[in-house]
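Quick look at model-v4.pdb (PDB, C-alpha atoms and all ligand atoms):
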ATOM      1  CA  MET A   9     -77.714  63.707 -48.861  1.00  0.00           C
ATOM      2  CA  MET A  10     -77.609  62.651 -52.465  1.00  0.00           C
ATOM      3  CA  ILE A  11     -79.992  63.523 -55.295  1.00  0.00           C
ATOM      4  CA  ARG A  12     -79.931  61.679 -58.601  1.00  0.00           C
ATOM      5  CA  ILE A  13     -81.064  63.434 -61.782  1.00  0.00           C
ATOM      6  CA  ALA A  14     -82.084  61.736 -65.037  1.00  0.00           C
ATOM      7  CA  HIS A  15     -81.529  63.982 -68.040  1.00  0.00           C
ATOM      8  CA  LEU A  16     -83.774  62.524 -70.734  1.00  0.00           C
ATOM      9  CA  TYR A  17     -82.646  62.842 -74.358  1.00  0.00           C
ATOM     10  CA  PRO A  18     -79.927  65.435 -73.590  1.00  0.00           C
ATOM     11  CA  ASP A  19     -78.460  65.264 -77.099  1.00  0.00           C
ATOM     12  CA  MET A  20     -81.810  65.596 -78.891  1.00  0.00           C
ATOM     13  CA  LEU A  21     -83.825  68.007 -76.775  1.00  0.00           C
ATOM     14  CA  ASN A  22     -81.664  70.934 -75.737  1.00  0.00           C
ATOM     15  CA  LEU A  23     -82.874  74.167 -77.286  1.00  0.00           C
ATOM     16  CA  TYR A  24     -81.674  77.561 -76.046  1.00  0.00           C
ATOM     17  CA  GLY A  25     -79.405  75.992 -73.431  1.00  0.00           C
ATOM     18  CA  ASP A  26     -82.133  74.112 -71.575  1.00  0.00           C
ATOM     19  CA  ARG A  27     -79.324  72.066 -70.018  1.00  0.00           C
ATOM     20  CA  GLY A  28     -78.666  75.137 -67.870  1.00  0.00           C
ATOM     21  CA  ASN A  29     -81.578  73.961 -65.723  1.00  0.00           C
ATOM     22  CA  ILE A  30     -79.539  70.950 -64.649  1.00  0.00           C
ATOM     23  CA  ILE A  31     -76.573  73.201 -63.894  1.00  0.00           C
ATOM     24  CA  ALA A  32     -78.739  75.505 -61.763  1.00  0.00           C
ATOM     25  CA  LEU A  33     -80.241  72.592 -59.826  1.00  0.00           C
ATOM     26  CA  THR A  34     -76.827  71.021 -59.328  1.00  0.00           C
ATOM     27  CA  GLU A  35     -75.071  74.195 -58.172  1.00  0.00           C
ATOM     28  CA  ARG A  36     -77.888  75.156 -55.809  1.00  0.00           C
ATOM     29  CA  MET A  37     -77.831  71.676 -54.265  1.00  0.00           C
ATOM     30  CA  LYS A  38     -74.041  71.565 -53.973  1.00  0.00           C
ATOM     31  CA  ALA A  39     -74.141  74.922 -52.184  1.00  0.00           C
ATOM     32  CA  ARG A  40     -76.242  73.144 -49.543  1.00  0.00           C
ATOM     33  CA  ASN A  41     -73.890  70.161 -49.308  1.00  0.00           C
ATOM     34  CA  ILE A  42     -76.235  67.898 -51.239  1.00  0.00           C
ATOM     35  CA  ASP A  43     -74.378  65.557 -53.601  1.00  0.00           C
ATOM     36  CA  VAL A  44     -75.757  65.365 -57.119  1.00  0.00           C
ATOM     37  CA  VAL A  45     -75.316  62.701 -59.767  1.00  0.00           C
ATOM     38  CA  THR A  46     -76.743  63.229 -63.258  1.00  0.00           C
ATOM     39  CA  ASP A  47     -77.164  60.459 -65.808  1.00  0.00           C
ATOM     40  CA  GLN A  48     -77.692  61.137 -69.492  1.00  0.00           C
ATOM     41  CA  ILE A  49     -80.566  58.982 -70.700  1.00  0.00           C
ATOM     42  CA  THR A  50     -80.066  58.902 -74.451  1.00  0.00           C
ATOM     43  CA  MET A  51     -82.006  57.001 -77.120  1.00  0.00           C
ATOM     44  CA  GLY A  52     -81.599  53.245 -76.696  1.00  0.00           C
ATOM     45  CA  LYS A  53     -80.423  53.525 -73.104  1.00  0.00           C
ATOM     46  CA  ALA A  54     -82.336  51.600 -70.441  1.00  0.00           C
ATOM     47  CA  PHE A  55     -84.161  53.811 -67.954  1.00  0.00           C
ATOM     48  CA  ASN A  56     -85.571  52.814 -64.570  1.00  0.00           C
ATOM     49  CA  SER A  57     -87.205  55.793 -62.888  1.00  0.00           C
ATOM     50  CA  ASP A  58     -86.753  54.227 -59.424  1.00  0.00           C
ATOM     51  CA  ASP A  59     -83.064  55.144 -59.713  1.00  0.00           C
ATOM     52  CA  TYR A  60     -83.807  58.890 -59.809  1.00  0.00           C
ATOM     53  CA  ASP A  61     -85.186  61.729 -57.692  1.00  0.00           C
ATOM     54  CA  ILE A  62     -85.480  64.373 -60.419  1.00  0.00           C
ATOM     55  CA  LEU A  63     -86.253  63.929 -64.119  1.00  0.00           C
ATOM     56  CA  PHE A  64     -85.546  66.610 -66.693  1.00  0.00           C
ATOM     57  CA  VAL A  65     -86.321  66.914 -70.392  1.00  0.00           C
ATOM     58  CA  GLY A  66     -85.599  69.957 -72.573  1.00  0.00           C
ATOM     59  CA  GLY A  67     -87.267  71.370 -75.664  1.00  0.00           C
ATOM     60  CA  GLY A  68     -86.752  70.519 -79.308  1.00  0.00           C
ATOM     61  CA  GLN A  69     -88.011  71.025 -82.786  1.00  0.00           C
ATOM     62  CA  ASP A  70     -90.899  69.073 -84.310  1.00  0.00           C
ATOM     63  CA  PHE A  71     -88.311  66.964 -86.159  1.00  0.00           C
ATOM     64  CA  GLU A  72     -86.544  65.673 -83.027  1.00  0.00           C
ATOM     65  CA  GLN A  73     -89.851  65.103 -81.256  1.00  0.00           C
ATOM     66  CA  ASP A  74     -90.856  62.813 -84.137  1.00  0.00           C
ATOM     67  CA  VAL A  75     -87.515  60.958 -84.240  1.00  0.00           C
ATOM     68  CA  LEU A  76     -87.767  60.179 -80.517  1.00  0.00           C
ATOM     69  CA  LEU A  77     -91.236  58.678 -80.622  1.00  0.00           C
ATOM     70  CA  ASP A  78     -90.138  55.096 -81.336  1.00  0.00           C
ATOM     71  CA  ASP A  79     -87.623  55.119 -78.516  1.00  0.00           C
ATOM     72  CA  LEU A  80     -90.134  56.688 -76.132  1.00  0.00           C
ATOM     73  CA  LYS A  81     -92.630  53.918 -76.836  1.00  0.00           C
ATOM     74  CA  LYS A  82     -90.114  51.157 -76.139  1.00  0.00           C
ATOM     75  CA  GLY A  83     -90.601  51.481 -72.376  1.00  0.00           C
ATOM     76  CA  LYS A  84     -89.470  54.978 -71.406  1.00  0.00           C
ATOM     77  CA  ASP A  85     -93.108  56.067 -71.665  1.00  0.00           C
ATOM     78  CA  ILE A  86     -94.125  53.552 -68.965  1.00  0.00           C
ATOM     79  CA  GLU A  87     -91.244  54.633 -66.720  1.00  0.00           C
ATOM     80  CA  ILE A  88     -92.097  58.309 -67.187  1.00  0.00           C
ATOM     81  CA  LYS A  89     -95.753  57.705 -66.302  1.00  0.00           C
ATOM     82  CA  ARG A  90     -94.724  55.708 -63.247  1.00  0.00           C
ATOM     83  CA  ALA A  91     -92.339  58.444 -62.121  1.00  0.00           C
ATOM     84  CA  ILE A  92     -95.030  61.101 -62.478  1.00  0.00           C
ATOM     85  CA  GLU A  93     -97.613  59.085 -60.531  1.00  0.00           C
ATOM     86  CA  ASN A  94     -94.967  58.320 -57.876  1.00  0.00           C
ATOM     87  CA  SER A  95     -94.590  62.095 -57.334  1.00  0.00           C
ATOM     88  CA  LYS A  96     -91.014  62.278 -58.582  1.00  0.00           C
ATOM     89  CA  VAL A  97     -89.911  65.819 -59.374  1.00  0.00           C
ATOM     90  CA  PHE A  98     -90.047  66.282 -63.136  1.00  0.00           C
ATOM     91  CA  LEU A  99     -89.273  69.451 -65.103  1.00  0.00           C
ATOM     92  CA  ALA A 100     -90.223  69.358 -68.791  1.00  0.00           C
ATOM     93  CA  ILE A 101     -89.596  72.206 -71.214  1.00  0.00           C
ATOM     94  CA  CYS A 102     -91.531  73.086 -74.387  1.00  0.00           C
ATOM     95  CA  GLY A 103     -91.152  70.125 -76.808  1.00  0.00           C
ATOM     96  CA  GLY A 104     -90.387  67.872 -73.824  1.00  0.00           C
ATOM     97  CA  TYR A 105     -93.467  69.260 -72.047  1.00  0.00           C
ATOM     98  CA  GLN A 106     -95.620  68.552 -75.114  1.00  0.00           C
ATOM     99  CA  MET A 107     -94.404  64.934 -75.083  1.00  0.00           C
ATOM    100  CA  LEU A 108     -96.110  64.298 -71.724  1.00  0.00           C
ATOM    101  CA  GLY A 109     -99.535  65.009 -73.190  1.00  0.00           C
ATOM    102  CA  LYS A 110    -101.858  62.949 -75.363  1.00  0.00           C
ATOM    103  CA  TYR A 111    -100.712  64.155 -78.746  1.00  0.00           C
ATOM    104  CA  TYR A 112     -99.047  66.921 -80.732  1.00  0.00           C
ATOM    105  CA  LYS A 113    -100.483  67.686 -84.142  1.00  0.00           C
ATOM    106  CA  THR A 114     -97.851  69.729 -85.971  1.00  0.00           C
ATOM    107  CA  TYR A 115     -98.776  72.855 -87.934  1.00  0.00           C
ATOM    108  CA  ASP A 116     -98.327  70.857 -91.166  1.00  0.00           C
ATOM    109  CA  GLY A 117    -100.723  68.126 -90.102  1.00  0.00           C
ATOM    110  CA  LYS A 118     -98.452  65.408 -88.757  1.00  0.00           C
ATOM    111  CA  MET A 119     -99.936  63.527 -85.821  1.00  0.00           C
ATOM    112  CA  LEU A 120     -97.499  62.616 -83.058  1.00  0.00           C
ATOM    113  CA  GLU A 121     -99.268  60.315 -80.600  1.00  0.00           C
ATOM    114  CA  TYR A 122     -97.716  60.708 -77.163  1.00  0.00           C
ATOM    115  CA  MET A 123     -97.960  58.815 -73.915  1.00  0.00           C
ATOM    116  CA  GLY A 124    -100.855  60.724 -72.350  1.00  0.00           C
ATOM    117  CA  ALA A 125     -99.066  60.805 -69.022  1.00  0.00           C
ATOM    118  CA  LEU A 126    -100.905  64.068 -68.386  1.00  0.00           C
ATOM    119  CA  ASP A 127    -104.330  65.317 -69.394  1.00  0.00           C
ATOM    120  CA  PHE A 128    -103.615  67.784 -72.224  1.00  0.00           C
ATOM    121  CA  TYR A 129    -103.039  67.973 -75.969  1.00  0.00           C
ATOM    122  CA  THR A 130    -101.167  70.292 -78.315  1.00  0.00           C
ATOM    123  CA  GLU A 131    -101.948  71.526 -81.810  1.00  0.00           C
ATOM    124  CA  GLY A 132     -99.555  73.569 -83.925  1.00  0.00           C
ATOM    125  CA  LYS A 133    -100.305  76.592 -86.065  1.00  0.00           C
ATOM    126  CA  GLU A 134     -98.149  78.251 -88.663  1.00  0.00           C
ATOM    127  CA  GLU A 135     -97.850  81.461 -86.660  1.00  0.00           C
ATOM    128  CA  ARG A 136     -95.339  80.874 -83.866  1.00  0.00           C
ATOM    129  CA  MET A 137     -95.614  82.363 -80.403  1.00  0.00           C
ATOM    130  CA  ILE A 138     -92.297  84.024 -79.651  1.00  0.00           C
ATOM    131  CA  GLY A 139     -90.988  86.405 -77.032  1.00  0.00           C
ATOM    132  CA  ASN A 140     -89.994  87.189 -73.495  1.00  0.00           C
ATOM    133  CA  TYR A 141     -92.870  86.403 -71.180  1.00  0.00           C
ATOM    134  CA  ALA A 142     -93.822  86.032 -67.538  1.00  0.00           C
ATOM    135  CA  PHE A 143     -96.275  84.117 -65.412  1.00  0.00           C
ATOM    136  CA  LYS A 144     -97.139  83.642 -61.751  1.00  0.00           C
ATOM    137  CA  THR A 145     -97.345  80.287 -59.943  1.00  0.00           C
ATOM    138  CA  LYS A 146     -99.879  79.479 -57.225  1.00  0.00           C
ATOM    139  CA  GLU A 147     -97.133  80.121 -54.626  1.00  0.00           C
ATOM    140  CA  GLY A 148     -96.895  83.659 -55.998  1.00  0.00           C
ATOM    141  CA  ILE A 149     -93.541  83.103 -57.699  1.00  0.00           C
ATOM    142  CA  GLU A 150     -93.203  85.440 -60.686  1.00  0.00           C
ATOM    143  CA  VAL A 151     -91.331  83.527 -63.376  1.00  0.00           C
ATOM    144  CA  VAL A 152     -89.662  85.230 -66.340  1.00  0.00           C
ATOM    145  CA  GLY A 153     -88.830  83.263 -69.460  1.00  0.00           C
ATOM    146  CA  PHE A 154     -88.597  83.090 -73.204  1.00  0.00           C
ATOM    147  CA  GLU A 155     -91.034  81.194 -75.409  1.00  0.00           C
ATOM    148  CA  ASN A 156     -90.853  80.083 -79.037  1.00  0.00           C
ATOM    149  CA  HIS A 157     -93.414  77.513 -80.069  1.00  0.00           C
ATOM    150  CA  SER A 158     -95.906  76.704 -82.756  1.00  0.00           C
ATOM    151  CA  GLY A 159     -97.853  74.310 -80.534  1.00  0.00           C
ATOM    152  CA  ARG A 160    -100.934  75.488 -78.642  1.00  0.00           C
ATOM    153  CA  THR A 161    -101.487  73.402 -75.527  1.00  0.00           C
ATOM    154  CA  TYR A 162    -104.946  72.879 -74.042  1.00  0.00           C
ATOM    155  CA  LEU A 163    -105.174  71.476 -70.520  1.00  0.00           C
ATOM    156  CA  GLY A 164    -107.825  68.979 -69.417  1.00  0.00           C
ATOM    157  CA  LYS A 165    -109.532  69.029 -66.028  1.00  0.00           C
ATOM    158  CA  ASN A 166    -107.207  66.502 -64.370  1.00  0.00           C
ATOM    159  CA  VAL A 167    -104.239  68.874 -64.339  1.00  0.00           C
ATOM    160  CA  GLU A 168    -103.659  72.483 -63.306  1.00  0.00           C
ATOM    161  CA  PRO A 169    -101.616  75.137 -65.079  1.00  0.00           C
ATOM    162  CA  LEU A 170     -98.156  75.913 -63.751  1.00  0.00           C
ATOM    163  CA  GLY A 171     -99.082  79.567 -63.701  1.00  0.00           C
ATOM    164  CA  LYS A 172    -101.260  82.443 -64.823  1.00  0.00           C
ATOM    165  CA  MET A 173     -99.887  84.648 -67.572  1.00  0.00           C
ATOM    166  CA  ILE A 174     -98.576  88.089 -66.676  1.00  0.00           C
ATOM    167  CA  LYS A 175     -97.426  88.823 -70.222  1.00  0.00           C
ATOM    168  CA  GLY A 176     -96.970  86.749 -73.383  1.00  0.00           C
ATOM    169  CA  TYR A 177     -98.727  83.732 -74.878  1.00  0.00           C
ATOM    170  CA  GLY A 178     -98.083  80.747 -72.575  1.00  0.00           C
ATOM    171  CA  ASN A 179     -99.979  77.559 -73.332  1.00  0.00           C
ATOM    172  CA  ASN A 180    -102.076  78.860 -76.210  1.00  0.00           C
ATOM    173  CA  GLY A 181    -102.364  82.647 -76.209  1.00  0.00           C
ATOM    174  CA  GLU A 182    -106.087  82.341 -75.398  1.00  0.00           C
ATOM    175  CA  ASP A 183    -106.881  81.171 -71.888  1.00  0.00           C
ATOM    176  CA  GLY A 184    -104.197  82.958 -69.847  1.00  0.00           C
ATOM    177  CA  THR A 185    -102.577  79.753 -68.627  1.00  0.00           C
ATOM    178  CA  GLU A 186     -98.961  78.687 -68.796  1.00  0.00           C
ATOM    179  CA  GLY A 187     -97.516  75.211 -68.452  1.00  0.00           C
ATOM    180  CA  VAL A 188     -98.821  72.299 -66.467  1.00  0.00           C
ATOM    181  CA  ARG A 189     -98.601  71.112 -62.903  1.00  0.00           C
ATOM    182  CA  TYR A 190     -99.542  67.691 -61.614  1.00  0.00           C
ATOM    183  CA  LYS A 191     -98.184  66.198 -58.375  1.00  0.00           C
ATOM    184  CA  ASN A 192     -94.479  67.180 -58.610  1.00  0.00           C
ATOM    185  CA  THR A 193     -94.372  67.454 -62.406  1.00  0.00           C
ATOM    186  CA  PHE A 194     -93.794  70.905 -63.837  1.00  0.00           C
ATOM    187  CA  GLY A 195     -94.179  71.542 -67.576  1.00  0.00           C
ATOM    188  CA  THR A 196     -93.439  74.948 -69.091  1.00  0.00           C
ATOM    189  CA  TYR A 197     -92.796  76.654 -72.413  1.00  0.00           C
ATOM    190  CA  SER A 198     -90.006  78.635 -70.810  1.00  0.00           C
ATOM    191  CA  HIS A 199     -86.632  78.258 -72.463  1.00  0.00           C
ATOM    192  CA  GLY A 200     -83.648  80.302 -71.793  1.00  0.00           C
ATOM    193  CA  PRO A 201     -83.151  78.267 -69.475  1.00  0.00           C
ATOM    194  CA  VAL A 202     -85.806  78.939 -66.838  1.00  0.00           C
ATOM    195  CA  LEU A 203     -84.214  77.920 -63.518  1.00  0.00           C
ATOM    196  CA  PRO A 204     -81.060  80.099 -63.474  1.00  0.00           C
ATOM    197  CA  LYS A 205     -83.320  83.124 -64.070  1.00  0.00           C
ATOM    198  CA  ASN A 206     -85.826  82.084 -61.427  1.00  0.00           C
ATOM    199  CA  SER A 207     -84.056  80.881 -58.313  1.00  0.00           C
ATOM    200  CA  GLN A 208     -87.287  80.558 -56.307  1.00  0.00           C
ATOM    201  CA  LEU A 209     -88.654  78.069 -58.814  1.00  0.00           C
ATOM    202  CA  ALA A 210     -85.355  76.145 -58.750  1.00  0.00           C
ATOM    203  CA  ASP A 211     -85.576  75.916 -54.958  1.00  0.00           C
ATOM    204  CA  LEU A 212     -89.199  74.799 -55.094  1.00  0.00           C
ATOM    205  CA  LEU A 213     -88.133  71.818 -57.219  1.00  0.00           C
ATOM    206  CA  ILE A 214     -85.143  71.050 -55.007  1.00  0.00           C
ATOM    207  CA  SER A 215     -87.203  71.203 -51.819  1.00  0.00           C
ATOM    208  CA  LYS A 216     -89.806  68.811 -53.288  1.00  0.00           C
ATOM    209  CA  ALA A 217     -87.070  66.343 -54.284  1.00  0.00           C
ATOM    210  CA  VAL A 218     -85.366  66.530 -50.874  1.00  0.00           C
ATOM    211  CA  GLU A 219     -88.710  66.177 -49.086  1.00  0.00           C
ATOM    212  CA  ASN A 220     -89.624  63.120 -51.199  1.00  0.00           C
ATOM    213  CA  LYS A 221     -86.381  61.386 -50.377  1.00  0.00           C
ATOM    214  CA  TYR A 222     -85.486  62.572 -46.881  1.00  0.00           C
ATOM    215  CA  GLY A 223     -88.784  63.852 -45.504  1.00  0.00           C
ATOM    216  CA  LYS A 224     -87.534  67.367 -44.740  1.00  0.00           C
ATOM    217  CA  THR A 225     -87.357  70.617 -46.647  1.00  0.00           C
ATOM    218  CA  ASP A 226     -85.369  73.148 -44.646  1.00  0.00           C
ATOM    219  CA  LEU A 227     -83.109  74.366 -47.447  1.00  0.00           C
ATOM    220  CA  ALA A 228     -80.541  76.902 -46.287  1.00  0.00           C
ATOM    221  CA  PRO A 229     -81.110  80.231 -48.049  1.00  0.00           C
ATOM    222  CA  LEU A 230     -78.496  81.243 -50.644  1.00  0.00           C
ATOM    223  CA  ASP A 231     -77.275  84.703 -51.542  1.00  0.00           C
ATOM    224  CA  ASP A 232     -79.475  85.386 -54.572  1.00  0.00           C
ATOM    225  CA  THR A 233     -78.804  89.118 -54.812  1.00  0.00           C
ATOM    226  CA  LEU A 234     -77.562  88.897 -58.395  1.00  0.00           C
ATOM    227  CA  GLU A 235     -80.201  86.406 -59.497  1.00  0.00           C
ATOM    228  CA  ILE A 236     -82.995  88.573 -58.104  1.00  0.00           C
ATOM    229  CA  LYS A 237     -81.515  91.703 -59.693  1.00  0.00           C
ATOM    230  CA  ALA A 238     -81.309  89.980 -63.088  1.00  0.00           C
ATOM    231  CA  GLN A 239     -84.881  88.728 -62.754  1.00  0.00           C
ATOM    232  CA  GLN A 240     -86.142  92.187 -61.826  1.00  0.00           C
ATOM    233  CA  GLN A 241     -84.252  93.716 -64.738  1.00  0.00           C
ATOM    234  CA  VAL A 242     -85.937  91.326 -67.179  1.00  0.00           C
ATOM    235  CA  MET A 243     -89.287  92.230 -65.635  1.00  0.00           C
ATOM    236  CA  LYS A 244     -88.548  95.928 -66.055  1.00  0.00           C
ATOM    237  CA  LEU A 245     -87.203  95.732 -69.608  1.00  0.00           C
ATOM    238  CA  TYR A 246     -89.594  93.269 -71.193  1.00  0.00           C
ATOM    239  CA  ILE A 247     -92.622  92.683 -69.038  1.00  0.00           C
ATOM    240  CA  ARG A 248     -93.841  95.702 -67.086  1.00  0.00           C
TER     241      ARG A 248
HETATM  242  N1  LIG A 301     -91.786  71.876 -81.689  1.00  0.00           N
HETATM  243  C1  LIG A 301     -92.539  72.482 -80.694  1.00  0.00           C
HETATM  244  C2  LIG A 301     -93.324  73.696 -81.137  1.00  0.00           C
HETATM  245  O1  LIG A 301     -92.900  74.417 -82.022  1.00  0.00           O
HETATM  246  C3  LIG A 301     -91.650  72.803 -79.507  1.00  0.00           C
HETATM  247  C4  LIG A 301     -90.684  73.880 -79.794  1.00  0.00           C
HETATM  248  C5  LIG A 301     -89.722  74.129 -78.685  1.00  0.00           C
HETATM  249  O2  LIG A 301     -89.330  73.226 -77.899  1.00  0.00           O
HETATM  250  N2  LIG A 301     -89.235  75.356 -78.638  1.00  0.00           N
HETATM  251  O3  LIG A 301     -94.369  73.930 -80.589  1.00  0.00           O
END

Would you mind writing the file out in structure tokens?
Ligand code: GLN
Amino acid sequence: MMIRIAHLYPDMLNLYGDRGNIIALTERMKARNIDVVTDQITMGKAFNSDDYDILFVGGGQDFEQDVLLDDLKKGKDIEIKRAIENSKVFLAICGGYQMLGKYYKTYDGKMLEYMGALDFYTEGKEERMIGNYAFKTKEGIEVVGFENHSGRTYLGKNVEPLGKMIKGYGNNGEDGTEGVRYKNTFGTYSHGPVLPKNSQLADLLISKAVENKYGKTDLAPLDDTLEIKAQQQVMKLYIR
């Protein structure tokens, strides 16, 4: 088996080691004898989503999100929308997550019009939402993470949240939701990076990608003793 990953804007959107998500996916696939190839899709580089099984984009500051807009609108936006509608697995973090929505109005009033691939919008405020946090997905996976964002994201009715908040701010600090989920697209504010800390979430993404491509999902279990211990320790120290 072979899974191909597209890492979108790896040099521009990579806060708090978000690249670690690719490493976690890769290592967990290799451990199951699945070959992995990752391509770096930088600004100016052609991108055809048909070539990939998993897409990933990390978080960034308002500045980088603005700089990327031109490149995004030169065709990557169409490919990203197509990939999402075609049920490709897509993980998008913080600034990269915001870019999938309709727009991001920064705290100082700058309007960044995005592709509207998903039904939500984001508006920034001066007071940032920072801290260790946790949420629970509809599968019951408790995810621990770290958030640091000015943007408040409000979901429309055509998408669901990735999870319900256990502790922290999440999408906006008001409605108890975190992230977005639509088909096999997962958006989250969780930096840190999120997948090495949450092996169950990593495996959920891998199983969706394998199922899409090969029609089966029986991933061999891995020894996650240390990962689970670390996750529980974060829960104990910061969340509960
Ligand atoms: N610039 C965005 C915000 O502050 C995203 C930040 C991030 O990726 N951490 O809301």

Kindly provide the residues of chain A that approach ligand LIG 301 (chain A) to within 9 Å, each paired with its closest atom pair and their distance in Å to one decimal, based on all atoms listed in the file, listed by chain and increasing number, as a Markdown table.
| residue | atom | partner | partner_atom | distance |
| --- | --- | --- | --- | --- |
| A:Leu21 | CA | A:LIG301 | O2 | 7.7 |
| A:Asn22 | CA | A:LIG301 | O2 | 8.3 |
| A:Leu23 | CA | A:LIG301 | O2 | 6.6 |
| A:Tyr24 | CA | A:LIG301 | N2 | 8.3 |
| A:Gly66 | CA | A:LIG301 | O2 | 7.3 |
| A:Gly67 | CA | A:LIG301 | O2 | 3.6 |
| A:Gly68 | CA | A:LIG301 | O2 | 4.0 |
| A:Gln69 | CA | A:LIG301 | N1 | 4.0 |
| A:Asp70 | CA | A:LIG301 | N1 | 3.9 |
| A:Phe71 | CA | A:LIG301 | N1 | 7.5 |
| A:Glu72 | CA | A:LIG301 | N1 | 8.2 |
| A:Gln73 | CA | A:LIG301 | N1 | 7.1 |
| A:Ile101 | CA | A:LIG301 | O2 | 6.8 |
| A:Cys102 | CA | A:LIG301 | O2 | 4.1 |
| A:Gly103 | CA | A:LIG301 | O2 | 3.8 |
| A:Gly104 | CA | A:LIG301 | O2 | 6.8 |
| A:Tyr105 | CA | A:LIG301 | O2 | 8.2 |
| A:Gln106 | CA | A:LIG301 | C3 | 7.3 |
| A:Tyr112 | CA | A:LIG301 | O3 | 8.4 |
| A:Thr114 | CA | A:LIG301 | O3 | 7.7 |
| A:Tyr115 | CA | A:LIG301 | O1 | 8.5 |
| A:Thr130 | CA | A:LIG301 | O3 | 8.0 |
| A:Glu131 | CA | A:LIG301 | O3 | 8.0 |
| A:Gly132 | CA | A:LIG301 | O3 | 6.2 |
| A:Lys133 | CA | A:LIG301 | O3 | 8.5 |
| A:Arg136 | CA | A:LIG301 | O1 | 7.1 |
| A:Met137 | CA | A:LIG301 | O3 | 8.5 |
| A:Glu155 | CA | A:LIG301 | N2 | 6.9 |
| A:Asn156 | CA | A:LIG301 | N2 | 5.0 |
| A:His157 | CA | A:LIG301 | O1 | 3.7 |
| A:Ser158 | CA | A:LIG301 | O3 | 3.8 |
| A:Gly159 | CA | A:LIG301 | O3 | 3.5 |
| A:Arg160 | CA | A:LIG301 | O3 | 7.0 |
| A:Thr161 | CA | A:LIG301 | O3 | 8.8 |
| A:Tyr197 | CA | A:LIG301 | N2 | 7.3 |
| A:Ser198 | CA | A:LIG301 | N2 | 8.5 |
| A:His199 | CA | A:LIG301 | N2 | 7.3 |

Mind telling me what the PyMOL selection byres (((chain A and resi 37-45) around 9) and not hetatm) catches here, as a PyMOL selection string?
-> chain A and resi 9-14+32-36+46-47+211+214+227-230

Check which residues satisfy the PyMOL selection byres (((chain A and resi 179) around 9) and not hetatm) in the file shown, then give them as a ChimeraX atom specification.
-> /A:130,159-163,169,177-178,180-188,196-197

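With all atoms listed in the file as the basis for measurement, A:Met119 is the residue among A:Met119, A:Leu209, A:Leu99, A:Ala54 that approaches Asp74 of chain A most closely.
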
Just give me the gap between atom CA of Ile86 of chain A and atom CA of Lys191 of chain A in Å, one decimal is fine.
->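 So the answer is 17.0 Å.
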
Centre, edges in Å (one decimal): axis-aligned box, segment 114-119 of chain A, 3 Å padding on all six sides, as JSON:
{"center_x": -99.3, "center_y": 68.2, "center_z": -88.5, "size_x": 8.9, "size_y": 15.3, "size_z": 11.3}

Residue contacts of Leu213 of chain A (9 Å, all atoms listed in the file) excluding same-chain residues fewer than 2 positions away, as number ranges by chain | A: 33, 62, 97-99, 192, 194, 208-211, 215-218

Between A:Leu203, A:Met107, A:Ser95, A:Tyr190, single out the one closest to Leu120 of chain A, counting only C-alpha atoms.
->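 Of A:Leu203, A:Met107, A:Ser95, A:Tyr190, the one nearest Leu120 of chain A is A:Met107, counting only C-alpha atoms.
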
Please evaluate the PyMOL selection byres (((chain A and resi 58) around 10) and not hetatm) against the structure above and give the resulting residues as a ChimeraX atom specification.
-> /A:55-57,59-61,87,90-91,94,96

Write the residues of the selection above to a file with C-alpha atoms, as a short mmCIF file (atom, residue, chain, number, x, y, z; two decimals), in the frame of the given file.
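Listing of result_26.cif after writing:
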data_model
loop_
_atom_site.label_atom_id
_atom_site.label_comp_id
_atom_site.auth_asym_id
_atom_site.auth_seq_id
_atom_site.Cartn_x
_atom_site.Cartn_y
_atom_site.Cartn_z
CA PHE A 55 -84.16 53.81 -67.95
CA ASN A 56 -85.57 52.81 -64.57
CA SER A 57 -87.20 55.79 -62.89
CA ASP A 59 -83.06 55.14 -59.71
CA TYR A 60 -83.81 58.89 -59.81
CA ASP A 61 -85.19 61.73 -57.69
CA GLU A 87 -91.24 54.63 -66.72
CA ARG A 90 -94.72 55.71 -63.25
CA ALA A 91 -92.34 58.44 -62.12
CA ASN A 94 -94.97 58.32 -57.88
CA LYS A 96 -91.01 62.28 -58.58
#

Spatial neighbours of Lys81 of chain A, 12 Å, all atoms listed in the file, chain gap at least 3 places, as an MDAnalysis selection string = chainID A and resid 51:52 74:78 84:89 107 120:124

Residues as selected, C-alpha atoms, written as a JSON list (two decimals), in the frame of the given file, can you do that?
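Wrote selection.json, looks like this:
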[["chain", "number", "residue", "atom", "x", "y", "z"],
["A", 51, "MET", "CA", -82.01, 57.00, -77.12],
["A", 52, "GLY", "CA", -81.60, 53.24, -76.70],
["A", 74, "ASP", "CA", -90.86, 62.81, -84.14],
["A", 75, "VAL", "CA", -87.52, 60.96, -84.24],
["A", 76, "LEU", "CA", -87.77, 60.18, -80.52],
["A", 77, "LEU", "CA", -91.24, 58.68, -80.62],
["A", 78, "ASP", "CA", -90.14, 55.10, -81.34],
["A", 84, "LYS", "CA", -89.47, 54.98, -71.41],
["A", 85, "ASP", "CA", -93.11, 56.07, -71.67],
["A", 86, "ILE", "CA", -94.12, 53.55, -68.96],
["A", 87, "GLU", "CA", -91.24, 54.63, -66.72],
["A", 88, "ILE", "CA", -92.10, 58.31, -67.19],
["A", 89, "LYS", "CA", -95.75, 57.70, -66.30],
["A", 107, "MET", "CA", -94.40, 64.93, -75.08],
["A", 120, "LEU", "CA", -97.50, 62.62, -83.06],
["A", 121, "GLU", "CA", -99.27, 60.32, -80.60],
["A", 122, "TYR", "CA", -97.72, 60.71, -77.16],
["A", 123, "MET", "CA", -97.96, 58.82, -73.92],
["A", 124, "GLY", "CA", -100.86, 60.72, -72.35]]

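Between atom CA of Tyr246 of chain A and atom CA of Asn140 of chain A the separation is 6.5 Å.
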
Out of A:Gly117, A:Pro18, A:Gly153, A:Gly223, which residue has the shortest atom-to-atom distance to Pro201 of chain A when counting all atoms listed in the file?
->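 Checking each candidate against Pro201 of chain A, we get A:Gly153 as the closest.
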